[in-house]
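Text of the file my_file.cif, holding mmCIF, C-alpha atoms and all ligand atoms:
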data_start
#
loop_
_atom_site.group_PDB
_atom_site.id
_atom_site.type_symbol
_atom_site.label_atom_id
_atom_site.label_comp_id
_atom_site.auth_asym_id
_atom_site.auth_seq_id
_atom_site.Cartn_x
_atom_site.Cartn_y
_atom_site.Cartn_z
ATOM 1 C CA MET U 275 -1.497 28.269 45.636
ATOM 2 C CA MET U 276 -0.184 31.635 46.917
ATOM 3 C CA CYS U 277 -2.542 34.651 46.976
ATOM 4 C CA SER U 278 -0.512 36.639 44.433
ATOM 5 C CA GLU U 279 -0.446 33.652 42.103
ATOM 6 C CA LYS U 280 -4.212 33.316 42.500
ATOM 7 C CA LYS U 281 -4.625 37.003 41.637
ATOM 8 C CA GLN U 282 -2.460 36.611 38.530
ATOM 9 C CA SER U 283 -4.359 33.500 37.513
ATOM 10 C CA THR U 284 -7.734 35.251 37.925
ATOM 11 C CA ALA U 285 -6.492 38.204 35.893
ATOM 12 C CA PHE U 286 -5.339 35.847 33.150
ATOM 13 C CA SER U 287 -8.688 34.046 33.155
ATOM 14 C CA THR U 288 -10.522 37.356 32.825
ATOM 15 C CA ASN U 289 -8.204 38.494 30.054
ATOM 16 C CA ARG U 290 -8.595 35.177 28.310
ATOM 17 C CA ARG U 291 -12.401 35.400 28.572
ATOM 18 C CA ASN U 292 -12.283 38.935 27.135
ATOM 19 C CA PHE U 293 -9.950 37.754 24.383
ATOM 20 C CA LEU U 294 -12.321 34.943 23.464
ATOM 21 C CA LYS U 295 -15.222 37.400 23.433
ATOM 22 C CA VAL U 296 -13.246 39.578 21.000
ATOM 23 C CA CYS U 297 -12.463 36.491 18.887
ATOM 24 C CA MET U 298 -16.127 35.583 18.635
ATOM 25 C CA ILE U 299 -17.154 39.124 17.738
ATOM 26 C CA GLY U 300 -14.223 40.127 15.583
ATOM 27 C CA GLY U 301 -13.507 36.828 13.865
ATOM 28 C CA VAL U 302 -9.799 36.674 14.749
ATOM 29 C CA VAL U 303 -8.190 33.962 12.634
ATOM 30 C CA ALA U 304 -5.140 32.964 14.669
ATOM 31 C CA ALA U 305 -5.277 31.047 17.957
ATOM 32 C CA MET U 306 -3.793 32.549 21.127
ATOM 33 C CA PRO U 307 -0.513 30.841 22.075
ATOM 34 C CA GLY U 308 -1.165 28.087 24.606
ATOM 35 C CA MET U 309 -4.860 27.845 23.815
ATOM 36 C CA SER U 310 -5.974 24.294 23.175
ATOM 37 C CA SER U 311 -9.004 25.279 21.059
ATOM 38 C CA PRO U 312 -8.159 26.251 17.490
ATOM 39 C CA VAL U 313 -10.090 29.324 16.333
ATOM 40 C CA ILE U 314 -11.013 29.044 12.673
ATOM 41 C CA GLY U 315 -12.739 31.943 10.961
ATOM 42 C CA GLN U 316 -15.412 33.342 13.245
ATOM 43 C CA GLU U 317 -16.191 30.107 14.995
ATOM 44 C CA GLN U 318 -14.343 28.767 18.028
ATOM 45 C CA LYS U 319 -13.967 24.992 17.694
ATOM 46 C CA LYS U 320 -13.870 22.562 20.598
ATOM 47 C CA PRO U 321 -10.570 20.643 20.813
ATOM 48 C CA GLY U 322 -10.793 17.452 18.754
ATOM 49 C CA VAL U 323 -11.214 14.160 20.621
ATOM 50 C CA LEU U 324 -10.177 10.566 19.883
ATOM 51 C CA LYS U 325 -13.167 8.350 20.705
ATOM 52 C CA LEU U 326 -12.249 4.768 19.835
ATOM 53 C CA SER U 327 -14.915 2.444 18.492
ATOM 54 C CA SER U 328 -15.044 -0.894 16.703
ATOM 55 C CA GLN U 329 -17.418 -2.712 14.441
ATOM 56 C CA GLU U 330 -19.193 -5.452 16.370
ATOM 57 C CA GLY U 331 -17.798 -8.223 14.161
ATOM 58 C CA ARG U 332 -14.162 -7.192 14.807
ATOM 59 C CA ILE U 333 -14.446 -7.868 18.558
ATOM 60 C CA PRO U 334 -14.030 -11.499 19.651
ATOM 61 C CA GLY U 335 -16.724 -12.955 21.901
ATOM 62 C CA LYS U 336 -19.568 -15.442 21.904
ATOM 63 C CA THR U 337 -22.281 -12.960 22.891
ATOM 64 C CA LEU U 338 -22.821 -9.250 22.357
ATOM 65 C CA LYS U 339 -22.484 -8.657 26.113
ATOM 66 C CA GLU U 340 -19.086 -10.406 26.077
ATOM 67 C CA LYS U 341 -17.913 -8.239 23.152
ATOM 68 C CA VAL U 342 -19.122 -5.045 24.826
ATOM 69 C CA THR U 343 -17.321 -5.977 28.055
ATOM 70 C CA SER U 344 -14.048 -6.657 26.195
ATOM 71 C CA LEU U 345 -14.245 -3.464 24.144
ATOM 72 C CA GLU U 346 -14.873 -1.390 27.262
ATOM 73 C CA SER U 347 -11.952 -3.020 29.100
ATOM 74 C CA TRP U 348 -9.661 -2.142 26.154
ATOM 75 C CA GLY U 349 -10.581 1.557 26.337
ATOM 76 C CA GLY U 350 -13.171 1.692 23.540
ATOM 77 C CA CYS U 351 -16.264 3.851 23.975
ATOM 78 C CA GLY U 352 -18.261 3.105 20.815
ATOM 79 C CA MET U 353 -19.550 0.061 18.954
ATOM 80 C CA GLU U 354 -20.641 0.123 15.318
ATOM 81 C CA PHE U 355 -23.357 -2.261 14.182
ATOM 82 C CA GLY U 356 -24.381 -3.623 10.785
ATOM 83 C CA GLY U 357 -27.666 -2.985 9.005
ATOM 84 C CA ASN U 358 -29.291 -5.783 11.032
ATOM 85 C CA ALA U 359 -29.307 -3.382 14.015
ATOM 86 C CA VAL U 360 -32.753 -2.377 12.723
ATOM 87 C CA GLY U 361 -34.244 -5.577 14.181
ATOM 88 C CA ARG U 362 -31.994 -5.652 17.255
ATOM 89 C CA VAL U 363 -32.684 -2.359 19.021
ATOM 90 C CA LYS U 364 -33.708 -3.888 22.367
ATOM 91 C CA GLU U 365 -30.933 -6.498 22.321
ATOM 92 C CA ILE U 366 -28.337 -3.753 21.722
ATOM 93 C CA GLN U 367 -29.812 -1.407 24.332
ATOM 94 C CA ASP U 368 -29.782 -4.238 26.896
ATOM 95 C CA ALA U 369 -26.171 -5.203 26.148
ATOM 96 C CA LEU U 370 -24.935 -1.601 26.462
ATOM 97 C CA LYS U 371 -26.892 -0.799 29.622
ATOM 98 C CA GLY U 372 -24.598 0.092 32.542
ATOM 99 C CA THR U 373 -21.484 0.317 30.328
ATOM 100 C CA LYS U 374 -19.592 3.271 28.831
ATOM 101 C CA ILE U 375 -20.117 1.941 25.297
ATOM 102 C CA LYS U 376 -22.447 3.923 23.014
ATOM 103 C CA VAL U 377 -23.608 3.086 19.509
ATOM 104 C CA SER U 378 -21.195 4.902 17.188
ATOM 105 C CA ALA U 379 -22.782 4.220 13.789
ATOM 106 C CA ILE U 380 -24.904 1.765 11.847
ATOM 107 C CA CYS U 381 -23.093 0.466 8.758
ATOM 108 C CA TRP U 382 -26.016 0.100 6.369
ATOM 109 C CA GLY U 383 -24.173 0.149 3.022
ATOM 110 C CA SER U 384 -25.716 0.542 -0.427
ATOM 111 C CA HIS U 385 -28.773 -1.694 -0.283
ATOM 112 C CA SER U 386 -27.877 -2.957 -3.812
ATOM 113 C CA GLY U 387 -27.851 0.628 -5.112
ATOM 114 C CA ASP U 388 -31.654 0.780 -4.790
ATOM 115 C CA LEU U 389 -31.754 4.435 -3.744
ATOM 116 C CA VAL U 390 -30.177 5.532 -7.042
ATOM 117 C CA SER U 391 -32.028 2.956 -9.173
ATOM 118 C CA MET U 392 -34.025 4.072 -12.234
ATOM 119 C CA ASP U 393 -36.635 1.487 -11.210
ATOM 120 C CA MET U 394 -38.918 3.735 -9.141
ATOM 121 C CA GLU U 395 -40.329 0.868 -7.077
ATOM 122 C CA LYS U 396 -36.822 -0.192 -6.042
ATOM 123 C CA ARG U 397 -35.912 3.398 -5.258
ATOM 124 C CA LYS U 398 -39.051 3.891 -3.169
ATOM 125 C CA LYS U 399 -38.305 0.690 -1.232
ATOM 126 C CA GLY U 400 -34.664 1.745 -0.721
ATOM 127 C CA ILE U 401 -35.741 5.141 0.629
ATOM 128 C CA GLN U 402 -38.177 3.522 3.062
ATOM 129 C CA ASP U 403 -35.506 1.045 4.187
ATOM 130 C CA ILE U 404 -32.939 3.758 4.956
ATOM 131 C CA LYS U 405 -35.631 5.705 6.823
ATOM 132 C CA ASP U 406 -36.292 2.591 8.933
ATOM 133 C CA ALA U 407 -32.542 2.328 9.606
ATOM 134 C CA LEU U 408 -32.505 6.013 10.639
ATOM 135 C CA SER U 409 -35.429 5.416 13.008
ATOM 136 C CA ALA U 410 -33.492 2.556 14.654
ATOM 137 C CA ALA U 411 -30.342 4.721 14.737
ATOM 138 C CA GLY U 412 -32.363 7.408 16.527
ATOM 139 C CA GLU U 413 -33.612 4.943 19.140
ATOM 140 C CA LEU U 414 -30.028 3.785 19.657
ATOM 141 C CA GLU U 415 -28.757 7.402 19.828
ATOM 142 C CA SER U 416 -26.300 6.572 17.087
ATOM 143 C CA THR U 417 -24.121 9.134 15.282
ATOM 144 C CA GLY U 418 -25.675 8.097 11.979
ATOM 145 C CA VAL U 419 -26.366 5.533 9.274
ATOM 146 C CA ILE U 420 -23.517 4.846 6.855
ATOM 147 C CA PHE U 421 -24.721 5.024 3.248
ATOM 148 C CA VAL U 422 -22.830 4.111 0.077
ATOM 149 C CA PRO U 423 -24.792 5.266 -3.011
ATOM 150 C CA CYS U 424 -23.581 2.320 -5.109
ATOM 151 C CA PHE U 425 -20.774 -0.194 -5.501
ATOM 152 C CA HIS U 426 -19.446 -1.288 -8.897
ATOM 153 C CA LYS U 427 -22.071 -3.028 -11.072
ATOM 154 C CA GLN U 428 -24.969 -1.630 -9.005
ATOM 155 C CA SER U 429 -25.686 1.210 -11.441
ATOM 156 C CA THR U 430 -25.125 1.933 -15.133
ATOM 157 C CA LEU U 431 -25.737 5.678 -14.686
ATOM 158 C CA GLN U 432 -23.109 8.364 -15.138
ATOM 159 C CA ASN U 433 -21.673 10.171 -12.100
ATOM 160 C CA ASP U 434 -23.626 13.392 -12.728
ATOM 161 C CA GLU U 435 -26.874 11.410 -13.077
ATOM 162 C CA ILE U 436 -26.310 9.672 -9.730
ATOM 163 C CA ARG U 437 -25.461 12.966 -8.069
ATOM 164 C CA LYS U 438 -28.671 14.516 -9.403
ATOM 165 C CA ILE U 439 -30.745 11.642 -7.964
ATOM 166 C CA LEU U 440 -29.044 12.072 -4.583
ATOM 167 C CA ILE U 441 -29.711 15.812 -4.588
ATOM 168 C CA ASP U 442 -33.382 14.995 -5.316
ATOM 169 C CA ILE U 443 -33.927 12.259 -2.712
ATOM 170 C CA LEU U 444 -31.645 13.218 0.183
ATOM 171 C CA PRO U 445 -33.509 16.298 1.525
ATOM 172 C CA ASP U 446 -36.575 14.202 2.450
ATOM 173 C CA ILE U 447 -34.355 11.475 3.953
ATOM 174 C CA GLY U 448 -32.327 14.136 5.793
ATOM 175 C CA ASN U 449 -35.499 15.655 7.244
ATOM 176 C CA HIS U 450 -36.477 12.211 8.554
ATOM 177 C CA ALA U 451 -32.972 11.799 10.019
ATOM 178 C CA GLN U 452 -33.308 15.153 11.806
ATOM 179 C CA LYS U 453 -36.623 14.071 13.323
ATOM 180 C CA CYS U 454 -34.862 10.937 14.621
ATOM 181 C CA LYS U 455 -31.958 13.084 15.943
ATOM 182 C CA THR U 456 -29.419 11.276 13.783
ATOM 183 C CA ARG U 457 -28.007 11.598 10.264
ATOM 184 C CA VAL U 458 -27.064 9.882 7.005
ATOM 185 C CA LEU U 459 -23.296 9.404 6.678
ATOM 186 C CA LEU U 460 -22.178 9.361 3.025
ATOM 187 C CA GLU U 461 -19.116 7.111 2.706
ATOM 188 C CA PRO U 462 -16.594 7.604 -0.119
ATOM 189 C CA LEU U 463 -14.859 4.327 -1.118
ATOM 190 C CA ASN U 464 -11.913 3.617 -3.451
ATOM 191 C CA SER U 465 -11.944 2.999 -7.201
ATOM 192 C CA GLY U 466 -11.607 -0.754 -6.673
ATOM 193 C CA GLU U 467 -15.053 -0.777 -5.031
ATOM 194 C CA THR U 468 -17.028 2.007 -6.712
ATOM 195 C CA PHE U 469 -16.884 4.352 -9.704
ATOM 196 C CA TYR U 470 -18.911 6.959 -7.777
ATOM 197 C CA LEU U 471 -18.013 8.928 -4.615
ATOM 198 C CA LYS U 472 -14.336 8.200 -4.070
ATOM 199 C CA LYS U 473 -13.045 11.374 -2.461
ATOM 200 C CA LEU U 474 -14.129 13.202 0.672
ATOM 201 C CA GLU U 475 -14.470 16.458 -1.278
ATOM 202 C CA GLN U 476 -17.199 14.880 -3.455
ATOM 203 C CA ALA U 477 -19.259 13.905 -0.402
ATOM 204 C CA ALA U 478 -18.618 17.338 1.146
ATOM 205 C CA SER U 479 -19.898 19.057 -1.990
ATOM 206 C CA ILE U 480 -23.217 17.174 -1.689
ATOM 207 C CA CYS U 481 -23.508 18.069 2.022
ATOM 208 C CA ASN U 482 -22.632 21.706 1.343
ATOM 209 C CA GLU U 483 -25.179 21.963 -1.458
ATOM 210 C CA LEU U 484 -28.005 20.425 0.596
ATOM 211 C CA LYS U 485 -27.292 22.270 3.864
ATOM 212 C CA ASN U 486 -29.427 19.739 5.736
ATOM 213 C CA SER U 487 -28.073 18.706 9.154
ATOM 214 C CA GLY U 488 -29.514 15.215 8.576
ATOM 215 C CA ILE U 489 -27.095 14.687 5.673
ATOM 216 C CA ALA U 490 -23.449 14.315 6.664
ATOM 217 C CA MET U 491 -20.422 12.229 5.710
ATOM 218 C CA MET U 492 -17.513 10.135 6.932
ATOM 219 C CA GLY U 493 -13.967 9.213 5.950
ATOM 220 C CA ASP U 494 -12.282 5.800 5.883
ATOM 221 C CA PHE U 495 -8.499 5.713 6.281
ATOM 222 C CA TYR U 496 -8.262 2.562 4.124
ATOM 223 C CA HIS U 497 -9.976 4.142 1.094
ATOM 224 C CA MET U 498 -8.326 7.507 1.727
ATOM 225 C CA LYS U 499 -4.862 5.929 1.445
ATOM 226 C CA LYS U 500 -5.752 4.973 -2.138
ATOM 227 C CA GLU U 501 -7.659 8.087 -3.207
ATOM 228 C CA GLU U 502 -6.511 11.155 -1.285
ATOM 229 C CA THR U 503 -3.222 13.009 -1.660
ATOM 230 C CA SER U 504 -3.385 14.227 1.965
ATOM 231 C CA ASP U 505 -5.469 12.778 4.814
ATOM 232 C CA LYS U 506 -5.238 16.077 6.658
ATOM 233 C CA GLU U 507 -6.444 18.198 3.748
ATOM 234 C CA ALA U 508 -9.262 15.729 2.985
ATOM 235 C CA PHE U 509 -10.591 15.991 6.557
ATOM 236 C CA ILE U 510 -10.253 19.784 6.505
ATOM 237 C CA THR U 511 -12.283 19.855 3.268
ATOM 238 C CA ALA U 512 -14.963 17.690 4.931
ATOM 239 C CA GLY U 513 -15.001 20.129 7.881
ATOM 240 C CA ASN U 514 -18.055 20.041 10.089
ATOM 241 C CA ASN U 515 -19.850 17.690 7.668
ATOM 242 C CA LEU U 516 -17.611 14.894 9.026
ATOM 243 C CA HIS U 517 -19.309 12.747 11.692
ATOM 244 C CA HIS U 518 -17.655 9.318 11.517
ATOM 245 C CA VAL U 519 -14.268 7.781 10.643
ATOM 246 C CA HIS U 520 -13.284 4.205 9.785
ATOM 247 C CA LEU U 521 -9.876 2.941 10.847
ATOM 248 C CA ALA U 522 -7.868 0.356 8.904
ATOM 249 C CA SER U 523 -4.257 0.051 7.783
ATOM 250 C CA THR U 524 -2.994 -0.010 4.173
ATOM 251 C CA THR U 525 -3.543 -3.780 4.005
ATOM 252 C CA ARG U 526 -6.900 -3.391 5.812
ATOM 253 C CA VAL U 527 -5.760 -4.940 9.062
ATOM 254 C CA LEU U 528 -5.555 -3.347 12.510
ATOM 255 C CA PRO U 529 -3.797 0.028 12.839
ATOM 256 C CA GLY U 530 -0.175 -0.635 13.797
ATOM 257 C CA GLN U 531 -0.041 -4.033 12.032
ATOM 258 C CA ASP U 532 1.607 -2.431 8.971
ATOM 259 C CA ASP U 533 3.336 0.880 8.275
ATOM 260 C CA ARG U 534 0.199 3.015 7.705
ATOM 261 C CA SER U 535 0.489 6.274 9.649
ATOM 262 C CA PHE U 536 -2.602 8.038 10.985
ATOM 263 C CA VAL U 537 -0.760 11.144 12.201
ATOM 264 C CA ASP U 538 -1.465 13.387 9.191
ATOM 265 C CA GLY U 539 -5.168 12.491 9.270
ATOM 266 C CA PHE U 540 -5.370 13.006 13.026
ATOM 267 C CA ARG U 541 -3.917 16.505 12.492
ATOM 268 C CA GLY U 542 -6.845 17.184 10.174
ATOM 269 C CA LEU U 543 -9.317 15.878 12.774
ATOM 270 C CA LYS U 544 -7.790 18.120 15.450
ATOM 271 C CA ILE U 545 -7.920 21.149 13.150
ATOM 272 C CA ILE U 546 -11.651 20.669 12.484
ATOM 273 C CA GLY U 547 -12.351 19.955 16.183
ATOM 274 C CA TYR U 548 -13.684 16.455 15.425
ATOM 275 C CA GLN U 549 -16.066 15.206 18.152
ATOM 276 C CA ASP U 550 -17.317 11.826 16.852
ATOM 277 C CA TYR U 551 -15.989 8.254 16.730
ATOM 278 C CA CYS U 552 -13.050 6.583 14.985
ATOM 279 C CA SER U 553 -14.127 2.982 14.437
ATOM 280 C CA LEU U 554 -12.210 -0.161 13.494
ATOM 281 C CA GLU U 555 -13.359 -1.609 10.176
ATOM 282 C CA CYS U 556 -10.597 -4.049 9.412
ATOM 283 C CA GLY U 557 -9.239 -7.558 9.655
ATOM 284 C CA CYS U 558 -6.516 -8.820 11.965
ATOM 285 C CA LYS U 559 -3.162 -9.957 10.557
ATOM 286 C CA LYS U 560 -3.047 -13.731 9.992
ATOM 287 C CA LYS U 561 -1.918 -15.863 12.924
ATOM 288 C CA THR U 562 -2.387 -13.000 15.396
ATOM 289 C CA ASP U 563 -4.945 -12.915 18.194
ATOM 290 C CA PRO U 564 -7.438 -10.006 18.068
ATOM 291 C CA ALA U 565 -7.822 -10.121 21.863
ATOM 292 C CA VAL U 566 -4.119 -9.260 22.098
ATOM 293 C CA GLU U 567 -3.857 -7.091 18.998
ATOM 294 C CA ILE U 568 -6.876 -4.770 19.436
ATOM 295 C CA PRO U 569 -5.636 -3.293 22.754
ATOM 296 C CA LYS U 570 -2.223 -2.808 21.060
ATOM 297 C CA ALA U 571 -3.916 -1.056 18.125
ATOM 298 C CA PHE U 572 -5.763 1.281 20.514
ATOM 299 C CA GLU U 573 -2.494 2.169 22.278
ATOM 300 C CA PHE U 574 -0.820 2.739 18.879
ATOM 301 C CA LEU U 575 -3.676 5.070 17.828
ATOM 302 C CA LYS U 576 -3.518 7.030 21.098
ATOM 303 C CA LYS U 577 0.239 7.569 20.541
ATOM 304 C CA GLN U 578 -0.349 8.686 16.941
ATOM 305 C CA TRP U 579 -3.048 11.101 18.190
ATOM 306 C CA GLU U 580 -0.494 12.615 20.630
ATOM 307 C CA GLU U 581 2.068 12.916 17.839
ATOM 308 C CA ALA U 582 -0.415 14.801 15.667
ATOM 309 C CA THR U 583 0.496 18.282 16.825
ATOM 310 C CA VAL U 584 -1.175 21.220 15.098
HETATM 311 MG MG MG U 601 -15.533 1.954 5.532
#
Here is the file; what I need is its structure written in the form of structure tokens.
Amino acid sequence: MMCSEKKQSTAFSTNRRNFLKVCMIGGVVAAMPGMSSPVIGQEQKKPGVLKLSSQEGRIPGKTLKEKVTSLESWGGCGMEFGGNAVGRVKEIQDALKGTKIKVSAICWGSHSGDLVSMDMEKRKKGIQDIKDALSAAGELESTGVIFVPCFHKQSTLQNDEIRKILIDILPDIGNHAQKCKTRVLLEPLNSGETFYLKKLEQAASICNELKNSGIAMMGDFYHMKKEETSDKEAFITAGNNLHHVHLASTTRVLPGQDDRSFVDGFRGLKIIGYQDYCSLECGCKKKTDPAVEIPKAFEFLKKQWEEATV
């Protein structure tokens, strides 16, 4: 680099630093041309990242170590486990040791809707069980524990009654999550699977009301295709409450195996400066080999991420 160029570059860096300082103080809304970090409101966001993950069961392999090795070789950096991770902490830690794979999330589910049950014994048990899952998630340094309040037929309560129960019970659970350095991830589903919590804005409204960093949410591209009018807007509404994403196509197979586009949603993730994992929760098209198709899906997703300009 020539001296004059170096001088110019240093001057630009200084100006840019000063500009950022002004942004932070003055709350400038627009981003400077050429800057990779979007500035929204008064807060400067980090550029969003695409961290690819998969549920354990989606990866072929006879042992966990074999699955971890394959996922790493295909460019993944996260693995999502089921609720049985609670009893497998050491096994998981051992399998991930010395690899780049981290635990993305623990998919715990609804626990038969116990947490929103009117049977207080069931509710108490459900609350203890999710706390145990959060303790395991903390040990595994996981992003969070995925929680579905209830599936169809798991509650006869009205939506506002379920919401009230959640507002009552989640602060204590969220405080436990904070102690474990992890969080609850509320997952909206589609109307074929639940009557309650179907849109990202509903989960965001619970998070925003509670203002507890142990209570967060996620989005699932499969459900969002059925329930949201815009993936991008849904993620923007979720904002910094969003800490996990599930990936599946329209027919709930691997991304790229049908015509589902992820570009609009990825724009939303870039706009909010998303820093967590995007994890496969899907099947694999019949008569295709997941060991061939998963690396193709990851390449497809990387291309769609590049196409998602903001
Ligand atoms: Mg899901």
Problem - Residue IDs satisfying the PyMOL selection byres (((chain U and resi 403) around 12) and not hetatm), as a ChimeraX atom specification - result: /U:357-358,360,382-386,388-389,396-402,404-410,419,421,447
Handout entry: All residues having an atom within 7 Å of ligand MG 601 (chain U) (all atoms listed in the file) as an MDAnalysis selection string
Key = chainID U and resid 461 494 520 555
Practice task
Starting from the displayed file, determine the output of the PyMOL selection byres (((chain U and resi 333) around 8) and not hetatm) and express the residue list as a PyMOL selection string.
Solution key: chain U and resi 328-332+334-335+341+344-345+564-565
Exercise for the section: Go through U:Ile441, U:Ile568, U:Ala582, U:Ala451 and flag the residue nearest U:Lys506, using all atoms listed in the file for the distances. Expected result: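 Of all the options, U:Ala582 lies closest to U:Lys506.
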Practice task
With the file shown as input, list the residues that the PyMOL selection byres (((chain U and resi 375) around 6) and not hetatm) selects, as a list in words.
Solution key: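 This file, filtered by the PyMOL selection byres (((chain U and resi 375) around 6) and not hetatm), leaves Cys351, Gly352, Thr373, Lys374 and Lys376 of chain U.
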Practice task
May I have the residues within 9 Å of U:Gly547 as a PyMOL selection string, using all atoms listed in the file and disregarding those fewer than 2 positions away in the same chain?
Solution key: chain U and resi 311-312+319-323+513-514+542-545+549
Problem - Nearest-residue call for U:Asp505, choices U:Asp538, U:Asp442, U:Glu580, U:Glu354, using all atoms listed in the file - result: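 Looking only at the distances to U:Asp505, the closest residue turns out to be U:Asp538.
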Practice task
Determine the nearest neighbour of U:His450 from the options U:Cys424, U:Ala571, U:Ala411, U:Val566, counting all atoms listed in the file.
Solution key: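 For U:His450, the nearest of the candidates is U:Ala411.
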Take every atom of stretch 398-412 of chain U listed in the file, fit an axis-aligned box around them, add 5 Å per side, and give the centre and edge lengths in Å to one decimal as AutoDock Vina command-line options.
--center_x -34.7 --center_y 4.0 --center_z 6.7 --size_x 18.7 --size_y 16.7 --size_z 29.7
